[in-house]
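What's in structure_28.txt: compact mmCIF, N, CA and C atoms and all ligand atoms
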```txt
# COMPACT_ATOMS: atom_id res chain seq x y z
N MET A 18 165.00 108.54 132.67
CA MET A 18 165.43 109.65 133.54
C MET A 18 164.52 109.74 134.75
N LYS A 19 165.11 110.02 135.88
CA LYS A 19 164.35 110.17 137.12
C LYS A 19 164.25 111.65 137.49
N CYS A 20 163.28 111.97 138.34
CA CYS A 20 163.12 113.34 138.82
C CYS A 20 164.31 113.73 139.69
N PHE A 21 164.77 114.94 139.54
CA PHE A 21 165.92 115.41 140.31
C PHE A 21 165.60 115.47 141.79
N ASN A 22 164.37 115.85 142.14
CA ASN A 22 163.99 115.99 143.55
C ASN A 22 163.43 114.71 144.15
N HIS A 23 162.82 113.87 143.29
CA HIS A 23 162.22 112.62 143.77
C HIS A 23 162.84 111.47 142.99
N ILE A 24 163.85 110.84 143.60
CA ILE A 24 164.65 109.84 142.87
C ILE A 24 163.81 108.63 142.49
N ASP A 25 162.71 108.38 143.22
CA ASP A 25 161.89 107.22 142.90
C ASP A 25 160.87 107.50 141.79
N GLN A 26 160.74 108.77 141.41
CA GLN A 26 159.74 109.13 140.39
C GLN A 26 160.39 109.26 139.01
N ASP A 27 159.66 108.75 138.01
CA ASP A 27 160.13 108.95 136.63
C ASP A 27 159.93 110.41 136.22
N ALA A 28 160.89 110.94 135.50
CA ALA A 28 160.76 112.32 135.02
C ALA A 28 159.85 112.34 133.79
N ILE A 29 159.02 113.37 133.69
CA ILE A 29 158.17 113.52 132.50
C ILE A 29 158.82 114.47 131.50
N GLY A 30 159.88 115.13 131.93
CA GLY A 30 160.57 116.05 131.04
C GLY A 30 161.70 116.69 131.80
N SER A 31 162.37 117.66 131.15
CA SER A 31 163.44 118.34 131.86
C SER A 31 163.23 119.85 131.79
N CYS A 32 163.78 120.53 132.79
CA CYS A 32 163.63 121.98 132.91
C CYS A 32 164.38 122.66 131.76
N LYS A 33 163.73 123.64 131.16
CA LYS A 33 164.33 124.35 130.03
C LYS A 33 165.52 125.20 130.47
N SER A 34 165.54 125.58 131.75
CA SER A 34 166.62 126.43 132.24
C SER A 34 167.80 125.61 132.76
N CYS A 35 167.55 124.71 133.69
CA CYS A 35 168.68 124.01 134.33
C CYS A 35 168.82 122.56 133.86
N CYS A 36 167.88 122.08 133.03
CA CYS A 36 167.96 120.75 132.41
C CYS A 36 167.84 119.59 133.40
N LYS A 37 167.38 119.87 134.62
CA LYS A 37 167.16 118.78 135.57
C LYS A 37 165.88 118.03 135.20
N GLY A 38 165.85 116.73 135.50
CA GLY A 38 164.66 115.93 135.25
C GLY A 38 163.56 116.32 136.23
N LEU A 39 162.31 116.34 135.73
CA LEU A 39 161.20 116.77 136.57
C LEU A 39 160.05 115.77 136.50
N CYS A 40 159.45 115.46 137.66
CA CYS A 40 158.26 114.62 137.68
C CYS A 40 157.02 115.52 137.58
N VAL A 41 155.84 114.89 137.53
CA VAL A 41 154.59 115.66 137.39
C VAL A 41 154.48 116.71 138.50
N GLU A 42 154.91 116.31 139.69
CA GLU A 42 154.78 117.17 140.85
C GLU A 42 155.68 118.40 140.77
N CYS A 43 156.88 118.22 140.20
CA CYS A 43 157.88 119.30 140.20
C CYS A 43 157.82 120.19 138.97
N ALA A 44 157.21 119.66 137.89
CA ALA A 44 157.27 120.40 136.62
C ALA A 44 156.21 121.48 136.58
N HIS A 45 156.58 122.61 136.00
CA HIS A 45 155.62 123.67 135.71
C HIS A 45 155.65 123.92 134.21
N ASP A 46 154.49 123.80 133.58
CA ASP A 46 154.43 124.00 132.13
C ASP A 46 154.28 125.49 131.83
N THR A 47 155.30 126.09 131.22
CA THR A 47 155.24 127.52 130.92
C THR A 47 154.50 127.79 129.61
N GLY A 48 154.13 126.71 128.91
CA GLY A 48 153.52 126.87 127.60
C GLY A 48 154.55 126.65 126.51
N GLU A 49 155.79 127.03 126.81
CA GLU A 49 156.89 126.79 125.87
C GLU A 49 158.03 126.13 126.61
N GLY A 50 157.79 124.94 127.11
CA GLY A 50 158.83 124.22 127.82
C GLY A 50 158.54 124.12 129.30
N LEU A 51 159.16 123.12 129.93
CA LEU A 51 158.94 122.90 131.36
C LEU A 51 159.95 123.67 132.20
N ALA A 52 159.53 123.99 133.42
CA ALA A 52 160.42 124.68 134.36
C ALA A 52 160.27 124.06 135.74
N CYS A 53 161.32 124.13 136.55
CA CYS A 53 161.22 123.74 137.95
C CYS A 53 160.21 124.67 138.62
N LYS A 54 159.28 124.08 139.38
CA LYS A 54 158.19 124.85 139.97
C LYS A 54 158.72 125.99 140.85
N GLU A 55 159.74 125.71 141.63
CA GLU A 55 160.18 126.70 142.62
C GLU A 55 161.14 127.74 142.05
N THR A 56 162.14 127.24 141.33
CA THR A 56 163.29 128.11 141.07
C THR A 56 163.41 128.64 139.65
N CYS A 57 162.88 127.93 138.67
CA CYS A 57 163.26 128.26 137.29
C CYS A 57 162.16 128.91 136.46
N ILE A 58 160.97 129.10 137.03
CA ILE A 58 159.86 129.63 136.22
C ILE A 58 160.25 130.95 135.56
N ASN A 59 160.80 131.87 136.36
CA ASN A 59 161.18 133.17 135.80
C ASN A 59 162.28 133.04 134.75
N ASP A 60 163.26 132.15 135.04
CA ASP A 60 164.35 131.95 134.09
C ASP A 60 163.82 131.48 132.75
N VAL A 61 162.91 130.50 132.80
CA VAL A 61 162.37 129.95 131.55
C VAL A 61 161.56 131.00 130.82
N LYS A 62 160.79 131.80 131.58
CA LYS A 62 160.03 132.88 130.93
C LYS A 62 160.97 133.85 130.23
N GLU A 63 162.10 134.17 130.91
CA GLU A 63 163.08 135.08 130.30
C GLU A 63 163.71 134.46 129.05
N ILE A 64 164.04 133.17 129.15
CA ILE A 64 164.61 132.48 127.97
C ILE A 64 163.64 132.55 126.80
N ASN A 65 162.35 132.27 127.09
CA ASN A 65 161.34 132.33 126.02
C ASN A 65 161.24 133.73 125.43
N GLU A 66 161.33 134.74 126.33
CA GLU A 66 161.23 136.12 125.85
C GLU A 66 162.42 136.49 124.96
N ILE A 67 163.62 136.08 125.41
CA ILE A 67 164.83 136.35 124.62
C ILE A 67 164.71 135.70 123.24
N MET A 68 164.22 134.45 123.23
CA MET A 68 164.08 133.75 121.95
C MET A 68 163.05 134.43 121.06
N ASP A 69 161.94 134.87 121.66
CA ASP A 69 160.92 135.58 120.87
C ASP A 69 161.48 136.85 120.27
N ARG A 70 162.24 137.59 121.12
CA ARG A 70 162.79 138.86 120.64
C ARG A 70 163.78 138.66 119.52
N SER A 71 164.69 137.66 119.69
CA SER A 71 165.68 137.47 118.63
C SER A 71 165.01 136.96 117.37
N LYS A 72 163.92 136.21 117.52
CA LYS A 72 163.17 135.80 116.32
C LYS A 72 162.63 137.03 115.59
N LYS A 73 162.15 138.00 116.39
CA LYS A 73 161.60 139.20 115.77
C LYS A 73 162.71 140.02 115.10
N ILE A 74 163.85 140.14 115.80
CA ILE A 74 164.95 140.95 115.27
C ILE A 74 165.42 140.39 113.93
N TYR A 75 165.58 139.07 113.87
CA TYR A 75 166.07 138.46 112.63
C TYR A 75 164.93 138.00 111.73
N SER A 76 163.69 138.33 112.13
CA SER A 76 162.50 137.97 111.34
C SER A 76 162.44 136.48 111.03
N ILE A 77 162.85 135.65 111.99
CA ILE A 77 162.83 134.21 111.77
C ILE A 77 161.37 133.74 111.80
N GLY A 78 161.02 132.91 110.86
CA GLY A 78 159.69 132.33 110.85
C GLY A 78 158.66 133.19 110.14
N THR A 79 159.06 134.39 109.75
CA THR A 79 158.14 135.22 108.98
C THR A 79 158.52 135.12 107.51
N LYS A 80 157.57 135.44 106.66
CA LYS A 80 157.83 135.34 105.24
C LYS A 80 158.76 136.48 104.82
N ALA A 81 159.80 136.13 104.08
CA ALA A 81 160.76 137.14 103.66
C ALA A 81 160.12 138.05 102.62
N PRO A 82 160.33 139.36 102.75
CA PRO A 82 159.84 140.26 101.71
C PRO A 82 160.62 140.02 100.43
N LEU A 83 160.02 140.39 99.30
CA LEU A 83 160.66 140.13 98.01
C LEU A 83 162.02 140.82 97.94
N ILE A 84 162.02 142.09 98.29
CA ILE A 84 163.29 142.84 98.35
C ILE A 84 163.42 143.40 99.77
N THR A 85 164.52 143.08 100.42
CA THR A 85 164.70 143.52 101.79
C THR A 85 165.21 144.96 101.83
N SER A 86 165.08 145.59 103.00
CA SER A 86 165.40 147.01 103.10
C SER A 86 166.86 147.29 102.75
N GLY A 87 167.78 146.40 103.16
CA GLY A 87 169.20 146.60 102.87
C GLY A 87 169.47 146.60 101.37
N VAL A 88 168.84 145.64 100.70
CA VAL A 88 169.01 145.53 99.25
C VAL A 88 168.38 146.73 98.56
N MET A 89 167.24 147.17 99.11
CA MET A 89 166.53 148.32 98.56
C MET A 89 167.44 149.54 98.50
N VAL A 90 168.28 149.73 99.52
CA VAL A 90 169.18 150.89 99.55
C VAL A 90 170.14 150.85 98.37
N TYR A 91 170.68 149.65 98.07
CA TYR A 91 171.60 149.53 96.93
C TYR A 91 170.89 149.89 95.63
N PHE A 92 169.65 149.39 95.49
CA PHE A 92 168.91 149.67 94.26
C PHE A 92 168.53 151.15 94.18
N LEU A 93 168.28 151.77 95.34
CA LEU A 93 167.98 153.20 95.36
C LEU A 93 169.17 154.00 94.86
N PHE A 94 170.36 153.63 95.36
CA PHE A 94 171.57 154.30 94.92
C PHE A 94 171.79 154.08 93.42
N ALA A 95 171.53 152.86 92.99
CA ALA A 95 171.67 152.54 91.56
C ALA A 95 170.74 153.44 90.74
N ALA A 96 169.49 153.58 91.19
CA ALA A 96 168.52 154.41 90.49
C ALA A 96 168.95 155.87 90.52
N LEU A 97 169.49 156.29 91.68
CA LEU A 97 169.93 157.68 91.84
C LEU A 97 171.05 158.02 90.85
N PHE A 98 172.09 157.19 90.84
CA PHE A 98 173.21 157.44 89.92
C PHE A 98 172.77 157.31 88.48
N GLY A 99 171.94 156.31 88.21
CA GLY A 99 171.40 156.13 86.87
C GLY A 99 170.60 157.34 86.44
N GLY A 100 169.78 157.85 87.37
CA GLY A 100 168.95 159.02 87.10
C GLY A 100 169.79 160.24 86.80
N ILE A 101 170.82 160.45 87.60
CA ILE A 101 171.73 161.59 87.39
C ILE A 101 172.38 161.47 86.02
N GLY A 102 172.82 160.25 85.69
CA GLY A 102 173.47 160.01 84.41
C GLY A 102 172.55 160.32 83.25
N VAL A 103 171.32 159.82 83.34
CA VAL A 103 170.35 160.03 82.27
C VAL A 103 170.00 161.52 82.17
N TYR A 104 169.81 162.17 83.33
CA TYR A 104 169.47 163.59 83.36
C TYR A 104 170.59 164.41 82.71
N ASP A 105 171.83 164.09 83.09
CA ASP A 105 172.99 164.80 82.54
C ASP A 105 173.04 164.65 81.02
N TYR A 106 172.74 163.43 80.58
CA TYR A 106 172.81 163.14 79.15
C TYR A 106 171.72 163.90 78.40
N LEU A 107 170.51 163.88 78.96
CA LEU A 107 169.38 164.51 78.28
C LEU A 107 169.45 166.03 78.36
N ALA A 108 169.83 166.54 79.54
CA ALA A 108 169.79 167.99 79.76
C ALA A 108 171.01 168.68 79.18
N LYS A 109 172.16 168.05 79.33
CA LYS A 109 173.39 168.73 78.93
C LYS A 109 174.07 168.07 77.74
N GLY A 110 173.51 166.96 77.32
CA GLY A 110 174.02 166.31 76.13
C GLY A 110 175.39 165.67 76.29
N ARG A 111 175.77 165.39 77.51
CA ARG A 111 177.07 164.73 77.69
C ARG A 111 176.88 163.46 78.50
N LEU A 112 177.66 162.48 78.16
CA LEU A 112 177.55 161.18 78.80
C LEU A 112 178.65 161.04 79.84
N LYS A 113 178.22 160.89 81.09
CA LYS A 113 179.21 160.69 82.14
C LYS A 113 179.26 159.20 82.48
N GLU A 114 180.32 158.58 82.08
CA GLU A 114 180.44 157.14 82.33
C GLU A 114 180.41 156.83 83.82
N PHE A 115 181.00 157.75 84.60
CA PHE A 115 181.14 157.53 86.03
C PHE A 115 179.80 157.18 86.69
N THR A 116 178.76 157.96 86.38
CA THR A 116 177.47 157.72 87.03
C THR A 116 176.89 156.37 86.64
N PHE A 117 177.09 155.99 85.37
CA PHE A 117 176.56 154.69 84.93
C PHE A 117 177.34 153.53 85.53
N ILE A 118 178.65 153.75 85.67
CA ILE A 118 179.48 152.71 86.31
C ILE A 118 179.04 152.53 87.77
N MET A 119 178.82 153.66 88.47
CA MET A 119 178.35 153.61 89.86
C MET A 119 177.00 152.90 89.94
N SER A 120 176.09 153.30 89.04
CA SER A 120 174.76 152.71 89.02
C SER A 120 174.83 151.21 88.81
N PHE A 121 175.62 150.82 87.82
CA PHE A 121 175.79 149.40 87.50
C PHE A 121 176.39 148.65 88.68
N GLY A 122 177.39 149.29 89.32
CA GLY A 122 178.05 148.69 90.48
C GLY A 122 177.06 148.42 91.60
N PHE A 123 176.20 149.40 91.86
CA PHE A 123 175.22 149.23 92.94
C PHE A 123 174.21 148.12 92.61
N ILE A 124 173.85 148.01 91.34
CA ILE A 124 172.93 146.93 90.94
C ILE A 124 173.58 145.58 91.19
N ILE A 125 174.86 145.47 90.80
CA ILE A 125 175.60 144.22 91.00
C ILE A 125 175.63 143.86 92.49
N ILE A 126 175.99 144.86 93.33
CA ILE A 126 176.07 144.62 94.77
C ILE A 126 174.68 144.23 95.31
N GLY A 127 173.65 144.96 94.87
CA GLY A 127 172.29 144.69 95.31
C GLY A 127 171.86 143.26 95.01
N VAL A 128 172.12 142.83 93.79
CA VAL A 128 171.75 141.47 93.38
C VAL A 128 172.56 140.44 94.17
N TYR A 129 173.84 140.74 94.36
CA TYR A 129 174.72 139.84 95.11
C TYR A 129 174.20 139.66 96.55
N VAL A 130 173.88 140.80 97.20
CA VAL A 130 173.38 140.75 98.59
C VAL A 130 172.04 140.03 98.64
N LEU A 131 171.20 140.29 97.63
CA LEU A 131 169.88 139.66 97.57
C LEU A 131 170.02 138.13 97.55
N ILE A 132 170.92 137.64 96.69
CA ILE A 132 171.13 136.20 96.56
C ILE A 132 171.71 135.64 97.86
N LYS A 133 172.67 136.39 98.42
CA LYS A 133 173.31 135.92 99.65
C LYS A 133 172.32 135.86 100.81
N ASN A 134 171.46 136.89 100.92
CA ASN A 134 170.45 136.91 101.97
C ASN A 134 169.47 135.75 101.82
N ARG A 135 169.11 135.45 100.59
CA ARG A 135 168.20 134.34 100.34
C ARG A 135 168.80 133.04 100.86
N LYS A 136 170.10 132.86 100.58
CA LYS A 136 170.77 131.63 100.99
C LYS A 136 170.84 131.53 102.51
N LEU A 137 171.12 132.67 103.17
CA LEU A 137 171.26 132.68 104.63
C LEU A 137 169.91 132.85 105.31
N LYS A 138 168.86 133.10 104.50
CA LYS A 138 167.52 133.34 105.03
C LYS A 138 167.49 134.55 105.98
N LEU A 139 168.31 135.56 105.66
CA LEU A 139 168.30 136.79 106.44
C LEU A 139 167.32 137.75 105.81
N ASN A 140 166.54 138.43 106.63
CA ASN A 140 165.55 139.34 106.08
C ASN A 140 165.87 140.80 106.37
N CYS A 141 167.16 141.08 106.54
CA CYS A 141 167.48 142.48 106.81
C CYS A 141 168.59 142.97 105.88
ZN ZN B 201 165.20 124.28 136.53
ZN ZN B 202 159.74 115.55 141.41
```

As structure tokens, how would this structure be written, given the file I've shared?
Amino acid sequence: MKCFNHIDQDAIGSCKSCCKGLCVECAHDTGEGLACKETCINDVKEINEIMDRSKKIYSIGTKAPLITSGVMVYFLFAALFGGIGVYDYLAKGRLKEFTFIMSFGFIIIGVYVLIKNRKLKLNC
């Protein structure tokens, strides 16, 4: 590949923004990829920032917590319904199947989401 601005010069890399070939003279190293010295430095900085932000949003590259917040909500509901069921049984001596079915349902959903998140490597 040759430099886009200097046809006689070999390119040392390409701009992260516009993908043109760049020689030593034209390239600016942003630290995370090369940019055209004149026109693309800001664009490449913005691209890097967008990538950093989306990495943070989706927690890419960080260690996944054992139980993610979304899954935690399902287990909380499961515990809540289970707790109500147990309380009702102990305090009033009657068994409400409904609360246990709800509790069980939330556990099933929680485990299902947990497994699915693991496969997709989603941490939310
Ligand atoms: Zn460029
Ligand atoms: Zn050049």

List every residue of chain A that has an atom at most 7 Å from any atom of ligand ZN 201 (chain B), and for each one report the closest atom pair and its distance in Å to one decimal, counting only C-alpha atoms and all ligand atoms, with rows sorted by chain and then by increasing residue number, as a Markdown table.
```
| residue | atom | partner | partner_atom | distance |
| --- | --- | --- | --- | --- |
| A:Cys32 | CA | B:ZN201 | ZN | 4.6 |
| A:Lys33 | CA | B:ZN201 | ZN | 6.6 |
| A:Ser34 | CA | B:ZN201 | ZN | 5.0 |
| A:Cys35 | CA | B:ZN201 | ZN | 4.1 |
| A:Cys36 | CA | B:ZN201 | ZN | 6.1 |
| A:Lys37 | CA | B:ZN201 | ZN | 5.9 |
| A:Ala52 | CA | B:ZN201 | ZN | 5.3 |
| A:Cys53 | CA | B:ZN201 | ZN | 4.3 |
| A:Thr56 | CA | B:ZN201 | ZN | 6.2 |
| A:Cys57 | CA | B:ZN201 | ZN | 4.5 |
```

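A straight line drawn from CA of Glu63 (chain A) to CA of Thr47 (chain A) is 10.9 Å long.
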
Distance filter 10 Å around ligand ZN 202 (chain B), atoms: only C-alpha atoms and all ligand atoms, out as number ranges by chain:
A: 19-29, 37-44, 53-54

Can I get the selection written as a PDB file, in the coordinates of the input, with N, CA and C atoms?
```pdb
ATOM      1  N   LYS A  19     165.110 110.020 135.880  1.00  0.00           N
ATOM      2  CA  LYS A  19     164.350 110.170 137.120  1.00  0.00           C
ATOM      3  C   LYS A  19     164.250 111.650 137.490  1.00  0.00           C
ATOM      4  N   CYS A  20     163.280 111.970 138.340  1.00  0.00           N
ATOM      5  CA  CYS A  20     163.120 113.340 138.820  1.00  0.00           C
ATOM      6  C   CYS A  20     164.310 113.730 139.690  1.00  0.00           C
ATOM      7  N   PHE A  21     164.770 114.940 139.540  1.00  0.00           N
ATOM      8  CA  PHE A  21     165.920 115.410 140.310  1.00  0.00           C
ATOM      9  C   PHE A  21     165.600 115.470 141.790  1.00  0.00           C
ATOM     10  N   ASN A  22     164.370 115.850 142.140  1.00  0.00           N
ATOM     11  CA  ASN A  22     163.990 115.990 143.550  1.00  0.00           C
ATOM     12  C   ASN A  22     163.430 114.710 144.150  1.00  0.00           C
ATOM     13  N   HIS A  23     162.820 113.870 143.290  1.00  0.00           N
ATOM     14  CA  HIS A  23     162.220 112.620 143.770  1.00  0.00           C
ATOM     15  C   HIS A  23     162.840 111.470 142.990  1.00  0.00           C
ATOM     16  N   ILE A  24     163.850 110.840 143.600  1.00  0.00           N
ATOM     17  CA  ILE A  24     164.650 109.840 142.870  1.00  0.00           C
ATOM     18  C   ILE A  24     163.810 108.630 142.490  1.00  0.00           C
ATOM     19  N   ASP A  25     162.710 108.380 143.220  1.00  0.00           N
ATOM     20  CA  ASP A  25     161.890 107.220 142.900  1.00  0.00           C
ATOM     21  C   ASP A  25     160.870 107.500 141.790  1.00  0.00           C
ATOM     22  N   GLN A  26     160.740 108.770 141.410  1.00  0.00           N
ATOM     23  CA  GLN A  26     159.740 109.130 140.390  1.00  0.00           C
ATOM     24  C   GLN A  26     160.390 109.260 139.010  1.00  0.00           C
ATOM     25  N   ASP A  27     159.660 108.750 138.010  1.00  0.00           N
ATOM     26  CA  ASP A  27     160.130 108.950 136.630  1.00  0.00           C
ATOM     27  C   ASP A  27     159.930 110.410 136.220  1.00  0.00           C
ATOM     28  N   ALA A  28     160.890 110.940 135.500  1.00  0.00           N
ATOM     29  CA  ALA A  28     160.760 112.320 135.020  1.00  0.00           C
ATOM     30  C   ALA A  28     159.850 112.340 133.790  1.00  0.00           C
ATOM     31  N   ILE A  29     159.020 113.370 133.690  1.00  0.00           N
ATOM     32  CA  ILE A  29     158.170 113.520 132.500  1.00  0.00           C
ATOM     33  C   ILE A  29     158.820 114.470 131.500  1.00  0.00           C
ATOM     34  N   LYS A  37     167.380 119.870 134.620  1.00  0.00           N
ATOM     35  CA  LYS A  37     167.160 118.780 135.570  1.00  0.00           C
ATOM     36  C   LYS A  37     165.880 118.030 135.200  1.00  0.00           C
ATOM     37  N   GLY A  38     165.850 116.730 135.500  1.00  0.00           N
ATOM     38  CA  GLY A  38     164.660 115.930 135.250  1.00  0.00           C
ATOM     39  C   GLY A  38     163.560 116.320 136.230  1.00  0.00           C
ATOM     40  N   LEU A  39     162.310 116.340 135.730  1.00  0.00           N
ATOM     41  CA  LEU A  39     161.200 116.770 136.570  1.00  0.00           C
ATOM     42  C   LEU A  39     160.050 115.770 136.500  1.00  0.00           C
ATOM     43  N   CYS A  40     159.450 115.460 137.660  1.00  0.00           N
ATOM     44  CA  CYS A  40     158.260 114.620 137.680  1.00  0.00           C
ATOM     45  C   CYS A  40     157.020 115.520 137.580  1.00  0.00           C
ATOM     46  N   VAL A  41     155.840 114.890 137.530  1.00  0.00           N
ATOM     47  CA  VAL A  41     154.590 115.660 137.390  1.00  0.00           C
ATOM     48  C   VAL A  41     154.480 116.710 138.500  1.00  0.00           C
ATOM     49  N   GLU A  42     154.910 116.310 139.690  1.00  0.00           N
ATOM     50  CA  GLU A  42     154.780 117.170 140.850  1.00  0.00           C
ATOM     51  C   GLU A  42     155.680 118.400 140.770  1.00  0.00           C
ATOM     52  N   CYS A  43     156.880 118.220 140.200  1.00  0.00           N
ATOM     53  CA  CYS A  43     157.880 119.300 140.200  1.00  0.00           C
ATOM     54  C   CYS A  43     157.820 120.190 138.970  1.00  0.00           C
ATOM     55  N   ALA A  44     157.210 119.660 137.890  1.00  0.00           N
ATOM     56  CA  ALA A  44     157.270 120.400 136.620  1.00  0.00           C
ATOM     57  C   ALA A  44     156.210 121.480 136.580  1.00  0.00           C
ATOM     58  N   CYS A  53     161.320 124.130 136.550  1.00  0.00           N
ATOM     59  CA  CYS A  53     161.220 123.740 137.950  1.00  0.00           C
ATOM     60  C   CYS A  53     160.210 124.670 138.620  1.00  0.00           C
ATOM     61  N   LYS A  54     159.280 124.080 139.380  1.00  0.00           N
ATOM     62  CA  LYS A  54     158.190 124.850 139.970  1.00  0.00           C
ATOM     63  C   LYS A  54     158.720 125.990 140.850  1.00  0.00           C
TER      64      LYS A  54
END
```

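Using all atoms listed in the file, the shortest contact distance between Phe94 (chain A) and any of A:Phe115, A:Tyr75, A:Tyr106, A:Phe123 is found at A:Phe123.
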
Please indicate the distance in Å from atom C of Thr116 (chain A) to CA of Val88 (chain A), rounded to one decimal place.
18.4 Å

Check the smallest atom-to-atom distance from each of A:Arg135, A:Ser31, A:Glu49, A:Met18 to Asp69 (chain A) using only C-alpha atoms, then report the winner.
A:Glu49

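The interatomic distance for the pair CA of Asp60 (chain A) and CA of Ser76 (chain A) works out to 23.6 Å.
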
Hey, can you pull every residue with an atom no more than 10 Å from (173.2, 142.9, 98.3), using only C-alpha atoms, and send it as number ranges by chain?
A: 84-85, 87-92, 123-134
